[in-house]
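A.B. asks: The file below is coords-v5.pdb, PDB, C-alpha atoms:
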ATOM      1  CA  MET C1093      -8.819   4.875  24.456
ATOM      2  CA  LEU C1094     -12.409   4.597  25.643
ATOM      3  CA  THR C1095     -15.130   6.557  23.834
ATOM      4  CA  ILE C1096     -18.873   6.414  24.470
ATOM      5  CA  TYR C1097     -21.472   7.259  21.820
ATOM      6  CA  LYS C1098     -25.249   7.380  21.833
ATOM      7  CA  THR C1099     -28.121   8.301  19.577
ATOM      8  CA  HIS C1100     -31.048  10.313  20.883
ATOM      9  CA  SER C1101     -33.962  11.309  18.655
ATOM     10  CA  GLY C1102     -31.881  10.393  15.614
ATOM     11  CA  VAL C1103     -28.908  12.539  16.704
ATOM     12  CA  PHE C1104     -25.576  10.769  17.072
ATOM     13  CA  SER C1105     -23.277  12.251  19.714
ATOM     14  CA  GLU C1106     -20.487  11.494  22.151
ATOM     15  CA  THR C1107     -21.200  11.201  25.853
ATOM     16  CA  LYS C1108     -19.329  10.607  29.096
ATOM     17  CA  GLU C1109     -22.021   8.596  30.860
ATOM     18  CA  PHE C1110     -22.469   4.813  30.850
ATOM     19  CA  GLU C1111     -26.148   4.960  29.927
ATOM     20  CA  ASP C1112     -28.347   2.190  28.610
ATOM     21  CA  GLY C1113     -28.297   1.802  24.837
ATOM     22  CA  VAL C1114     -24.858   3.318  24.245
ATOM     23  CA  TRP C1115     -21.988   2.253  22.038
ATOM     24  CA  ILE C1116     -18.641   1.954  23.831
ATOM     25  CA  ASP C1117     -15.592   1.932  21.574
ATOM     26  CA  LEU C1118     -12.308   0.625  22.977
ATOM     27  CA  ALA C1119      -9.405   1.409  20.631
ATOM     28  CA  HIS C1120      -5.992   0.221  21.841
ATOM     29  CA  PRO C1121      -7.400  -0.012  25.373
ATOM     30  CA  SER C1122      -5.348   0.048  28.549
ATOM     31  CA  MET C1123      -5.693  -2.706  31.150
ATOM     32  CA  GLU C1124      -7.575  -0.265  33.411
ATOM     33  CA  GLU C1125     -10.163   0.371  30.685
ATOM     34  CA  ILE C1126     -10.465  -3.354  29.952
ATOM     35  CA  HIS C1127     -11.132  -4.246  33.578
ATOM     36  CA  LEU C1128     -13.508  -1.285  33.967
ATOM     37  CA  ILE C1129     -15.718  -2.466  31.072
ATOM     38  CA  ALA C1130     -15.387  -6.132  32.053
ATOM     39  CA  GLU C1131     -16.571  -5.399  35.589
ATOM     40  CA  LYS C1132     -19.348  -2.968  34.639
ATOM     41  CA  TYR C1133     -20.941  -5.212  31.977
ATOM     42  CA  GLN C1134     -20.011  -8.614  33.422
ATOM     43  CA  ILE C1135     -17.763  -9.546  30.515
ATOM     44  CA  ASP C1136     -14.867 -11.964  30.801
ATOM     45  CA  ALA C1137     -11.731  -9.793  30.629
ATOM     46  CA  ASP C1138      -9.897 -12.599  28.820
ATOM     47  CA  ASP C1139     -12.347 -12.254  25.910
ATOM     48  CA  ILE C1140     -11.455  -8.580  25.592
ATOM     49  CA  ILE C1141      -7.712  -9.218  25.907
ATOM     50  CA  ALA C1142      -7.917 -11.980  23.265
ATOM     51  CA  ILE C1143      -9.040  -9.420  20.681
ATOM     52  CA  LEU C1144      -5.686  -7.652  21.023
ATOM     53  CA  ASP C1145      -3.951 -10.759  19.678
ATOM     54  CA  ASP C1146      -3.463 -10.488  15.902
ATOM     55  CA  GLU C1147      -3.723 -14.275  15.529
ATOM     56  CA  GLU C1148      -7.250 -14.592  16.922
ATOM     57  CA  THR C1149      -9.679 -16.153  14.439
ATOM     58  CA  SER C1150     -13.109 -14.828  13.506
ATOM     59  CA  ARG C1151     -15.973 -16.434  15.406
ATOM     60  CA  VAL C1152     -19.282 -15.980  17.226
ATOM     61  CA  GLU C1153     -19.576 -17.061  20.850
ATOM     62  CA  GLN C1154     -22.476 -17.068  23.237
ATOM     63  CA  GLN C1155     -21.526 -16.348  26.834
ATOM     64  CA  THR C1156     -23.589 -15.774  29.949
ATOM     65  CA  GLY C1157     -25.069 -12.303  29.654
ATOM     66  CA  TYR C1158     -23.507 -11.311  26.337
ATOM     67  CA  THR C1159     -22.761 -12.356  22.772
ATOM     68  CA  PHE C1160     -19.221 -12.083  21.448
ATOM     69  CA  ILE C1161     -18.561 -11.516  17.711
ATOM     70  CA  LEU C1162     -15.031 -11.392  16.311
ATOM     71  CA  VAL C1163     -14.215 -10.426  12.707
ATOM     72  CA  ASP C1164     -11.087  -9.292  10.866
ATOM     73  CA  ILE C1165     -10.776  -5.763   9.501
ATOM     74  CA  PRO C1166      -8.098  -4.308   7.192
ATOM     75  CA  SER C1167      -5.320  -2.254   8.745
ATOM     76  CA  GLU C1168      -2.371  -0.276   7.394
ATOM     77  CA  GLU C1169       1.181  -1.031   8.490
ATOM     78  CA  ILE C1170       4.786  -0.449   7.430
ATOM     79  CA  ARG C1171       6.366  -3.630   6.087
ATOM     80  CA  HIS C1172       9.864  -3.702   4.552
ATOM     81  CA  GLU C1173       9.857   0.123   4.588
ATOM     82  CA  ARG C1174       6.698   0.174   2.452
ATOM     83  CA  ILE C1175       3.073   0.925   3.199
ATOM     84  CA  ALA C1176       1.287  -2.422   3.309
ATOM     85  CA  TYR C1177      -2.017  -3.834   4.513
ATOM     86  CA  THR C1178      -2.813  -6.600   6.917
ATOM     87  CA  THR C1179      -5.837  -7.570   9.003
ATOM     88  CA  ILE C1180      -6.488  -7.234  12.712
ATOM     89  CA  PRO C1181      -9.330  -8.547  14.908
ATOM     90  CA  LEU C1182     -12.343  -6.423  15.761
ATOM     91  CA  GLY C1183     -14.529  -7.612  18.595
ATOM     92  CA  VAL C1184     -18.178  -6.719  19.197
ATOM     93  CA  PHE C1185     -19.854  -7.467  22.524
ATOM     94  CA  LEU C1186     -23.642  -7.299  22.646
ATOM     95  CA  THR C1187     -25.046  -6.926  26.156
ATOM     96  CA  ASP C1188     -28.481  -5.975  27.426
ATOM     97  CA  LYS C1189     -27.347  -2.419  28.118
ATOM     98  CA  ALA C1190     -24.676  -1.567  25.569
ATOM     99  CA  ILE C1191     -22.763  -2.390  22.426
ATOM    100  CA  ILE C1192     -19.003  -2.644  23.004
ATOM    101  CA  THR C1193     -16.425  -2.700  20.224
ATOM    102  CA  VAL C1194     -12.778  -3.541  20.865
ATOM    103  CA  CYS C1195      -9.819  -3.190  18.493
ATOM    104  CA  ALA C1196      -6.055  -3.119  18.987
ATOM    105  CA  ASP C1197      -5.711   0.022  16.824
ATOM    106  CA  GLU C1198      -7.831   2.981  15.863
ATOM    107  CA  SER C1199      -9.555   2.299  12.565
ATOM    108  CA  ASP C1200     -10.963   4.625   9.921
ATOM    109  CA  ILE C1201     -13.762   2.126   9.390
ATOM    110  CA  PHE C1202     -15.771   3.553  12.287
ATOM    111  CA  SER C1203     -15.728   7.098  10.937
ATOM    112  CA  SER C1204     -16.879   5.982   7.487
ATOM    113  CA  PHE C1205     -19.307   3.560   9.122
ATOM    114  CA  VAL C1206     -21.023   6.277  11.141
ATOM    115  CA  ARG C1207     -20.932   8.784   8.252
ATOM    116  CA  ARG C1208     -22.493   6.291   5.838
ATOM    117  CA  THR C1209     -25.242   5.120   8.212
ATOM    118  CA  THR C1210     -26.120   8.320  10.076
ATOM    119  CA  GLN C1211     -29.733   8.464   8.938
ATOM    120  CA  SER C1212     -30.574   4.903   9.912
ATOM    121  CA  PHE C1213     -28.006   4.507  12.667
ATOM    122  CA  SER C1214     -28.959   3.862  16.281
ATOM    123  CA  THR C1215     -26.835   2.612  19.162
ATOM    124  CA  LYS C1216     -29.935   0.964  20.586
ATOM    125  CA  LYS C1217     -30.555  -1.287  17.575
ATOM    126  CA  GLN C1218     -27.918  -3.917  18.135
ATOM    127  CA  THR C1219     -28.772  -6.186  15.216
ATOM    128  CA  ARG C1220     -28.714  -3.344  12.728
ATOM    129  CA  PHE C1221     -25.498  -2.038  14.286
ATOM    130  CA  VAL C1222     -23.741  -5.371  13.689
ATOM    131  CA  TYR C1223     -24.995  -5.627  10.112
ATOM    132  CA  GLN C1224     -24.076  -2.013   9.321
ATOM    133  CA  LEU C1225     -20.605  -2.541  10.788
ATOM    134  CA  LEU C1226     -20.056  -5.722   8.772
ATOM    135  CA  TYR C1227     -21.253  -3.905   5.655
ATOM    136  CA  ALA C1228     -18.770  -1.081   6.293
ATOM    137  CA  VAL C1229     -15.960  -3.622   6.770
ATOM    138  CA  ALA C1230     -16.779  -5.320   3.452
ATOM    139  CA  ILE C1231     -16.875  -1.946   1.659
ATOM    140  CA  GLU C1232     -13.482  -1.020   3.157
ATOM    141  CA  TYR C1233     -12.013  -4.297   1.915
ATOM    142  CA  GLN C1234     -13.310  -3.543  -1.576
ATOM    143  CA  ARG C1235     -11.843  -0.021  -1.489
ATOM    144  CA  LEU C1236      -8.397  -1.302  -0.551
ATOM    145  CA  LEU C1237      -8.632  -4.111  -3.095
ATOM    146  CA  ARG C1238      -9.243  -1.560  -5.863
ATOM    147  CA  TYR C1239      -6.294   0.482  -4.613
ATOM    148  CA  ILE C1240      -4.085  -2.622  -4.681
ATOM    149  CA  ASP C1241      -5.202  -3.397  -8.223
ATOM    150  CA  ARG C1242      -4.411   0.164  -9.344
ATOM    151  CA  SER C1243      -0.927  -0.211  -7.872
ATOM    152  CA  ARG C1244      -0.541  -3.463  -9.771
ATOM    153  CA  GLN C1245      -1.619  -1.770 -13.010
ATOM    154  CA  GLU C1246       0.949   1.009 -12.531
ATOM    155  CA  ILE C1247       3.733  -1.557 -12.090
ATOM    156  CA  GLU C1248       2.556  -3.504 -15.137
ATOM    157  CA  ASN C1249       2.346  -0.364 -17.306
ATOM    158  CA  ARG C1250       5.894   0.600 -16.364
ATOM    159  CA  ALA C1251       7.119  -2.842 -17.379
ATOM    160  CA  ILE C1252       5.284  -2.728 -20.718
ATOM    161  CA  ASN C1253       6.694   0.754 -21.460
ATOM    162  CA  ASN C1254      10.254  -0.382 -20.644
ATOM    163  CA  GLN C1255      10.303   1.729 -17.496
ATOM    164  CA  ALA C1256      10.411  -1.116 -15.012
ATOM    165  CA  ARG C1257      12.122  -0.449 -11.685
ATOM    166  CA  ASP C1258      14.389  -2.800  -9.794
ATOM    167  CA  THR C1259      11.860  -2.911  -6.934
ATOM    168  CA  ASP C1260       8.790  -3.752  -9.044
ATOM    169  CA  LEU C1261       8.956  -7.486  -8.368
ATOM    170  CA  ILE C1262       9.309  -6.807  -4.641
ATOM    171  CA  ASP C1263       6.340  -4.425  -4.781
ATOM    172  CA  LEU C1264       4.266  -7.093  -6.532
ATOM    173  CA  HIS C1265       5.229  -9.571  -3.843
ATOM    174  CA  GLU C1266       4.040  -7.109  -1.175
ATOM    175  CA  LEU C1267       0.733  -6.622  -2.996
ATOM    176  CA  GLU C1268       0.291 -10.373  -3.201
ATOM    177  CA  SER C1269       1.007 -10.680   0.527
ATOM    178  CA  ASN C1270      -1.715  -8.112   1.215
ATOM    179  CA  LEU C1271      -4.179 -10.148  -0.827
ATOM    180  CA  VAL C1272      -3.263 -13.360   0.983
ATOM    181  CA  TYR C1273      -4.091 -11.709   4.323
ATOM    182  CA  PHE C1274      -7.319 -10.333   2.881
ATOM    183  CA  THR C1275      -8.557 -13.588   1.386
ATOM    184  CA  ALA C1276      -8.009 -15.524   4.620
ATOM    185  CA  SER C1277      -9.772 -12.875   6.707
ATOM    186  CA  LEU C1278     -12.661 -12.401   4.282
ATOM    187  CA  LYS C1279     -13.390 -16.110   4.183
ATOM    188  CA  SER C1280     -13.321 -16.228   7.983
ATOM    189  CA  ASN C1281     -15.688 -13.262   8.122
ATOM    190  CA  MET C1282     -17.985 -15.049   5.679
ATOM    191  CA  LEU C1283     -18.261 -17.940   8.121
ATOM    192  CA  VAL C1284     -19.227 -15.491  10.867
ATOM    193  CA  ILE C1285     -21.875 -13.893   8.653
ATOM    194  CA  ASP C1286     -23.293 -17.311   7.747
ATOM    195  CA  ARG C1287     -23.551 -18.147  11.417
ATOM    196  CA  LEU C1288     -25.206 -14.822  12.229
ATOM    197  CA  VAL C1289     -27.898 -15.626   9.669
ATOM    198  CA  ARG C1290     -28.798 -18.726  11.666
ATOM    199  CA  TYR C1291     -27.908 -17.385  15.115
ATOM    200  CA  GLU C1292     -30.994 -17.286  17.323
ATOM    201  CA  ARG C1293     -29.357 -15.419  20.213
ATOM    202  CA  ILE C1294     -29.324 -12.203  18.164
ATOM    203  CA  LYS C1295     -32.885 -11.112  17.536
ATOM    204  CA  GLN C1296     -33.591 -10.815  13.825
ATOM    205  CA  TYR C1297     -35.873  -8.075  12.491
ATOM    206  CA  SER C1298     -37.608  -8.272   9.144
ATOM    207  CA  GLU C1299     -36.565  -4.701   8.238
ATOM    208  CA  ASP C1300     -32.907  -5.699   8.635
ATOM    209  CA  LYS C1301     -33.121  -8.695   6.309
ATOM    210  CA  GLU C1302     -32.346  -6.595   3.241
ATOM    211  CA  LEU C1303     -29.313  -5.114   5.002
ATOM    212  CA  LEU C1304     -28.093  -8.600   5.908
ATOM    213  CA  ASP C1305     -28.484  -9.676   2.288
ATOM    214  CA  ASP C1306     -26.361  -6.687   1.273
ATOM    215  CA  VAL C1307     -23.701  -7.704   3.800
ATOM    216  CA  VAL C1308     -23.556 -11.209   2.342
ATOM    217  CA  ILE C1309     -23.394  -9.912  -1.234
ATOM    218  CA  GLU C1310     -20.660  -7.342  -0.528
ATOM    219  CA  ASN C1311     -18.552  -9.796   1.434
ATOM    220  CA  LYS C1312     -18.838 -12.427  -1.309
ATOM    221  CA  GLN C1313     -17.897  -9.796  -3.875
ATOM    222  CA  ALA C1314     -14.820  -8.881  -1.825
ATOM    223  CA  VAL C1315     -13.808 -12.562  -1.663
ATOM    224  CA  GLU C1316     -14.204 -12.933  -5.425
ATOM    225  CA  MET C1317     -12.254  -9.729  -6.066
ATOM    226  CA  THR C1318      -9.408 -10.999  -3.895
ATOM    227  CA  ASP C1319      -9.218 -14.332  -5.714
ATOM    228  CA  ILE C1320      -9.277 -12.586  -9.112
ATOM    229  CA  TYR C1321      -6.599 -10.056  -8.156
ATOM    230  CA  ILE C1322      -4.309 -12.787  -6.804
ATOM    231  CA  ASN C1323      -4.497 -14.609 -10.144
ATOM    232  CA  ILE C1324      -3.896 -11.357 -12.038
ATOM    233  CA  ILE C1325      -0.846 -10.558  -9.899
ATOM    234  CA  HIS C1326       0.565 -14.011 -10.678
ATOM    235  CA  GLY C1327       0.273 -13.161 -14.380
ATOM    236  CA  SER C1328       1.777  -9.693 -13.891
ATOM    237  CA  ARG C1329       4.725 -11.131 -12.009
ATOM    238  CA  GLU C1330       5.388 -13.634 -14.790
ATOM    239  CA  LEU C1331       5.096 -10.844 -17.368
ATOM    240  CA  ILE C1332       7.619  -8.635 -15.570
ATOM    241  CA  SER C1333       9.972 -11.592 -15.039
ATOM    242  CA  ASN C1334       9.812 -12.395 -18.752
ATOM    243  CA  ILE C1335      10.444  -8.757 -19.687
ATOM    244  CA  ILE C1336      13.451  -8.580 -17.347
ATOM    245  CA  ASN C1337      14.796 -11.871 -18.706
ATOM    246  CA  ASP C1338      14.306 -10.623 -22.269
ATOM    247  CA  LYS C1339      16.260  -7.451 -21.478
ATOM    248  CA  LEU C1340      19.024  -9.543 -19.937
ATOM    249  CA  ASN C1341      19.144 -11.775 -23.000
ATOM    250  CA  ARG C1342      19.447  -8.729 -25.264
ATOM    251  CA  VAL C1343      22.290  -7.346 -23.196
ATOM    252  CA  MET C1344      24.088 -10.698 -23.217
ATOM    253  CA  LYS C1345      23.593 -10.963 -26.989
ATOM    254  CA  LEU C1346      25.029  -7.462 -27.469
ATOM    255  CA  LEU C1347      28.013  -8.191 -25.248
ATOM    256  CA  THR C1348      28.647 -11.453 -27.095
ATOM    257  CA  ALA C1349      28.548  -9.631 -30.450
ATOM    258  CA  VAL C1350      30.910  -6.907 -29.201
ATOM    259  CA  THR C1351      33.285  -9.530 -27.807
ATOM    260  CA  LEU C1352      33.285 -11.409 -31.123
ATOM    261  CA  VAL C1353      33.930  -8.297 -33.206
ATOM    262  CA  MET C1354      36.618  -7.012 -30.861
ATOM    263  CA  GLY C1355      38.277 -10.403 -30.981
ATOM    264  CA  ILE C1356      39.109  -9.967 -34.695
ATOM    265  CA  PRO C1357      41.611  -7.077 -34.294
ATOM    266  CA  THR C1358      42.957  -8.739 -31.172
ATOM    267  CA  ILE C1359      43.775 -11.927 -33.077
ATOM    268  CA  ILE C1360      45.340 -10.104 -36.019
ATOM    269  CA  SER C1361      47.396  -7.760 -33.831
ATOM    270  CA  GLY C1362      48.478 -10.760 -31.799
ATOM    271  CA  LEU C1363      49.753 -12.549 -34.887
ATOM    272  CA  TYR C1364      51.667  -9.493 -36.061
ATOM    273  CA  GLY C1365      53.113  -9.076 -32.614
ATOM    274  CA  MET C1366      54.747 -12.495 -32.636
ATOM    275  CA  ASN C1367      58.519 -12.467 -32.293
ATOM    276  CA  VAL C1368      59.387 -13.714 -35.826
ATOM    277  CA  ASP C1369      61.351 -12.299 -38.721
ATOM    278  CA  GLY C1370      59.452  -9.426 -40.309
ATOM    279  CA  ARG C1371      60.206 -10.765 -43.774
ATOM    280  CA  TRP C1372      57.695 -13.521 -43.194
ATOM    281  CA  MET C1373      54.865 -11.230 -42.091
ATOM    282  CA  PRO C1374      52.526 -10.065 -44.902
ATOM    283  CA  LEU C1375      52.691  -6.374 -45.750
ATOM    284  CA  SER C1376      55.530  -5.797 -43.264
ATOM    285  CA  GLN C1377      57.840  -4.478 -45.971
ATOM    286  CA  ILE C1378      55.289  -2.168 -47.610
ATOM    287  CA  GLN C1379      55.344   1.545 -46.843
ATOM    288  CA  HIS C1380      51.627   1.736 -45.990
ATOM    289  CA  GLY C1381      51.353  -1.787 -44.609
ATOM    290  CA  PHE C1382      50.071  -0.694 -41.185
ATOM    291  CA  GLY C1383      47.259   1.340 -42.750
ATOM    292  CA  ILE C1384      46.315  -1.495 -45.074
ATOM    293  CA  ILE C1385      46.164  -3.938 -42.153
ATOM    294  CA  CYS C1386      44.009  -1.546 -40.102
ATOM    295  CA  GLY C1387      41.722  -1.034 -43.086
ATOM    296  CA  GLY C1388      41.447  -4.781 -43.595
ATOM    297  CA  ILE C1389      40.581  -5.273 -39.932
ATOM    298  CA  THR C1390      37.883  -2.597 -40.235
ATOM    299  CA  VAL C1391      36.406  -4.213 -43.338
ATOM    300  CA  ILE C1392      36.348  -7.644 -41.680
ATOM    301  CA  CYS C1393      34.671  -6.227 -38.555
ATOM    302  CA  VAL C1394      32.029  -4.435 -40.644
ATOM    303  CA  LEU C1395      31.332  -7.598 -42.650
ATOM    304  CA  VAL C1396      30.944  -9.623 -39.447
ATOM    305  CA  LEU C1397      28.551  -7.002 -38.058
ATOM    306  CA  LEU C1398      26.477  -7.034 -41.237
ATOM    307  CA  ILE C1399      26.294 -10.846 -41.213
ATOM    308  CA  MET C1400      25.245 -10.867 -37.543
ATOM    309  CA  LYS C1401      22.605  -8.214 -38.157
ATOM    310  CA  LYS C1402      21.232 -10.077 -41.172
ATOM    311  CA  ARG C1403      20.907 -13.253 -39.107
ATOM    312  CA  LYS C1404      19.362 -11.224 -36.258
ATOM    313  CA  LEU C1405      22.223 -12.023 -33.939
ATOM    314  CA  LEU C1406      22.706  -8.349 -33.154
TER     315      LEU C1406
END
Please, can you express the file's structure as structure tokens?

C.D. replies:
Amino acid sequence: MLTIYKTHSGVFSETKEFEDGVWIDLAHPSMEEIHLIAEKYQIDADDIIAILDDEETSRVEQQTGYTFILVDIPSEEIRHERIAYTTIPLGVFLTDKAIITVCADESDIFSSFVRRTTQSFSTKKQTRFVYQLLYAVAIEYQRLLRYIDRSRQEIENRAINNQARDTDLIDLHELESNLVYFTASLKSNMLVIDRLVRYERIKQYSEDKELLDDVVIENKQAVEMTDIYINIIHGSRELISNIINDKLNRVMKLLTAVTLVMGIPTIISGLYGMNVDGRWMPLSQIQHGFGIICGGITVICVLVLLIMKKRKLL
């Protein structure tokens, strides 16, 4: 989908014309749209197509007539029948006449990006556009990281309150996978930002220096948050594993105790069921012998239970 935006007298709006100083957004573009933009702005079509590959790495390239910036942005997907997060490439082409963004999927980052920067946003200020976009990407990473941590806390609270689910360990693994994708992409984006600081092809303005500093700070904070949350998830997974193992041990201990206690009447009834002369079996000639034997079995079982409980074996 191809969408063209422009700002005029501080008003941000959508347009249909390929004017100078516009922002062209290509979201999940068709080959016709790719070749149209490549031909109109003298961009190598292979550079645009490369952005659609999920494995493309973040980088800054200087080509004849344009500058190509590629960063990773967070994206939602369904993995193992669960909502999960991964990262996809976002490309920014800076030409003399337009700013062109390319992404394989439609992203909510652009809507929040424009909403957050409306007052100071201009499609004609390319440097500020790039910095504002990178700032919005870093903020989106932080938002999703906090959401992931809240999900981790919910799983951990269930485990502590003995309400753990069978899928909690799998859910933790999915959260950890999300963080692995995030940390790799954030560190790659940090390299791009570091290069932009020193990149002479993009004209630097003194009024944008503070914004660039904010971009660096927010991206570093996102990297640190990711590293911290990964370590916390490792601890949560060990905690839940220990709780599950402890529950299993308690069940095995209970079953062992029940088996031991139930073995007492089994042994006694087995002895009395042996095919021998009844004269040699204790209490066999007494009128209430069966009741006495059952009572004795009960007393023995109760004593065994009390001994096991006293020694904390039950």

A.B. asks: Can you translate the PyMOL selection byres ((chain C and resi 1115-1119) around 7) into the concrete residues it hits in this file, as a list in words?

C.D. replies: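 Going through the file, the PyMOL selection byres ((chain C and resi 1115-1119) around 7) ends up selecting Met1093, Leu1094, Thr1095, Ile1096, Tyr1097, Lys1098, Gly1113, Val1114, His1120, Pro1121, Ala1190, Ile1191, Ile1192, Thr1193, Val1194, Cys1195, Ala1196, Asp1197, Glu1198 and Thr1215 of chain C.
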
A.B. asks: In Å, with one decimal, what is the gap from CA of Leu1303 (chain C) to CA of Ser1214 (chain C)?

C.D. replies: 14.4 Å

A.B. asks: Find the residue from C:Met1354, C:Tyr1223, C:Val1229, C:Ile1247 that sits nearest to Val1396 (chain C); use only C-alpha atoms when measuring.

C.D. replies: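 Answer, going by the shortest atom-to-atom distance: C:Met1354.
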
A.B. asks: When the PyMOL selection byres ((chain C and resi 1148) around 9) is applied to the structure above, which residues does it catch, written out as an NGL selection string?

C.D. replies: :C and (1142-1147 or 1149-1150 or 1162 or 1164 or 1180-1181)

A.B. asks: Would you kindly return, as a ChimeraX atom specification, each protein, DNA or RNA residue with an atom no farther than 12 Å from any atom of Lys1404 (chain C), considering all atoms listed in the file and excluding same-chain residues fewer than 6 positions away?

C.D. replies: /C:1342,1345-1346,1349,1397-1398

A.B. asks: Got a sec: who's within 8 Å of Ile1161 (chain C), counting all atoms listed in the file, leaving out chain neighbours fewer than 2 positions off, as a PyMOL selection string?

C.D. replies: chain C and resi 1150-1153+1159+1163+1183-1185+1284

A.B. asks: Could you check how far CA of Arg1244 (chain C) sits from CA of Val1307 (chain C), in Å to one decimal?

C.D. replies: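 If I compute the distance from CA of Arg1244 (chain C) to CA of Val1307 (chain C), I get 27.2 Å.
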
A.B. asks: Need the shell around Asp1138 (chain C): protein/DNA/RNA residues with any atom at most 12 Å away, counting all atoms listed in the file. Skip same-chain ones fewer than 5 positions apart. Format as a list in words?

C.D. replies: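 Returned residues: Met1123, Ile1126, His1127, Ile1129, Ala1130, Glu1131, Ile1143, Leu1144, Asp1145 and Phe1160 of chain C.
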
A.B. asks: Output C-alpha atoms for every residue in the selection just made, as a PDB file, keeping the file's coordinate frame.

C.D. replies:
ATOM      1  CA  MET C1123      -5.693  -2.706  31.150  1.00  0.00           C
ATOM      2  CA  ILE C1126     -10.465  -3.354  29.952  1.00  0.00           C
ATOM      3  CA  HIS C1127     -11.132  -4.246  33.578  1.00  0.00           C
ATOM      4  CA  ILE C1129     -15.718  -2.466  31.072  1.00  0.00           C
ATOM      5  CA  ALA C1130     -15.387  -6.132  32.053  1.00  0.00           C
ATOM      6  CA  GLU C1131     -16.571  -5.399  35.589  1.00  0.00           C
ATOM      7  CA  ILE C1143      -9.040  -9.420  20.681  1.00  0.00           C
ATOM      8  CA  LEU C1144      -5.686  -7.652  21.023  1.00  0.00           C
ATOM      9  CA  ASP C1145      -3.951 -10.759  19.678  1.00  0.00           C
ATOM     10  CA  PHE C1160     -19.221 -12.083  21.448  1.00  0.00           C
TER      11      PHE C1160
END

A.B. asks: Looking at only C-alpha atoms, which of C:Ile1320, C:Val1315, C:Ile1336, C:Ile1325 is the one that sits closest to Ser1243 (chain C)?

C.D. replies: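 The closest residue to Ser1243 (chain C) is C:Ile1325.
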
A.B. asks: Applied to this file, what does the PyMOL selection byres ((chain C and resi 1252) around 12) return in terms of residues, put as a compact mmCIF listing (two decimals) with C-alpha atoms, in the frame of the given file?

C.D. replies:
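Final output, selection.txt:
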# COMPACT_ATOMS: atom_id res chain seq x y z
CA GLN C 1245 -1.62 -1.77 -13.01
CA GLU C 1246 0.95 1.01 -12.53
CA ILE C 1247 3.73 -1.56 -12.09
CA GLU C 1248 2.56 -3.50 -15.14
CA ASN C 1249 2.35 -0.36 -17.31
CA ARG C 1250 5.89 0.60 -16.36
CA ALA C 1251 7.12 -2.84 -17.38
CA ASN C 1253 6.69 0.75 -21.46
CA ASN C 1254 10.25 -0.38 -20.64
CA GLN C 1255 10.30 1.73 -17.50
CA ALA C 1256 10.41 -1.12 -15.01
CA ARG C 1257 12.12 -0.45 -11.68
CA SER C 1328 1.78 -9.69 -13.89
CA LEU C 1331 5.10 -10.84 -17.37
CA ILE C 1332 7.62 -8.64 -15.57
CA SER C 1333 9.97 -11.59 -15.04
CA ASN C 1334 9.81 -12.40 -18.75
CA ILE C 1335 10.44 -8.76 -19.69
CA ILE C 1336 13.45 -8.58 -17.35
CA LYS C 1339 16.26 -7.45 -21.48

A.B. asks: Mind pulling up the distance from CA of Phe1110 (chain C) to CA of Ile1135 (chain C)?

C.D. replies: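 Distance between the two atoms: 15.1 Å.
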
A.B. asks: So which one's closest to Leu1363 (chain C), C:Lys1216, C:Ile1385, C:Ser1199, C:Lys1401? Using all atoms listed in the file, please.

C.D. replies: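 Once distances to Leu1363 (chain C) are computed over all atoms listed in the file, the minimum belongs to C:Ile1385.
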
A.B. asks: Counting all atoms listed in the file, which of C:Gln1234, C:Asn1367, C:Asn1270, C:Thr1259 gets nearest to Ile1309 (chain C)?

C.D. replies: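 Using all atoms listed in the file, Ile1309 (chain C) sits closest to C:Gln1234.
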
A.B. asks: Looking at all atoms listed in the file, which of C:Val1289, C:Ile1240, C:Arg1220, C:Gln1379 is the one that sits closest to Ile1175 (chain C)?

C.D. replies: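 The shortest atom-to-atom distance to Ile1175 (chain C) comes from C:Ile1240.
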
A.B. asks: Quick one: of C:His1326, C:Lys1189, C:Lys1402, C:Lys1312, who's nearest to Glu1268 (chain C), counting all atoms listed in the file?

C.D. replies: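 Under the stated criterion, the closest residue is C:His1326.
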
A.B. asks: Scan for residues within 12 Å of the point (0.7, -11.0, 1.0) in the coordinates of the file, using all atoms listed in the file, and reply as a ChimeraX atom specification.

C.D. replies: /C:1171,1176-1179,1240,1262-1276,1318,1321-1322,1325
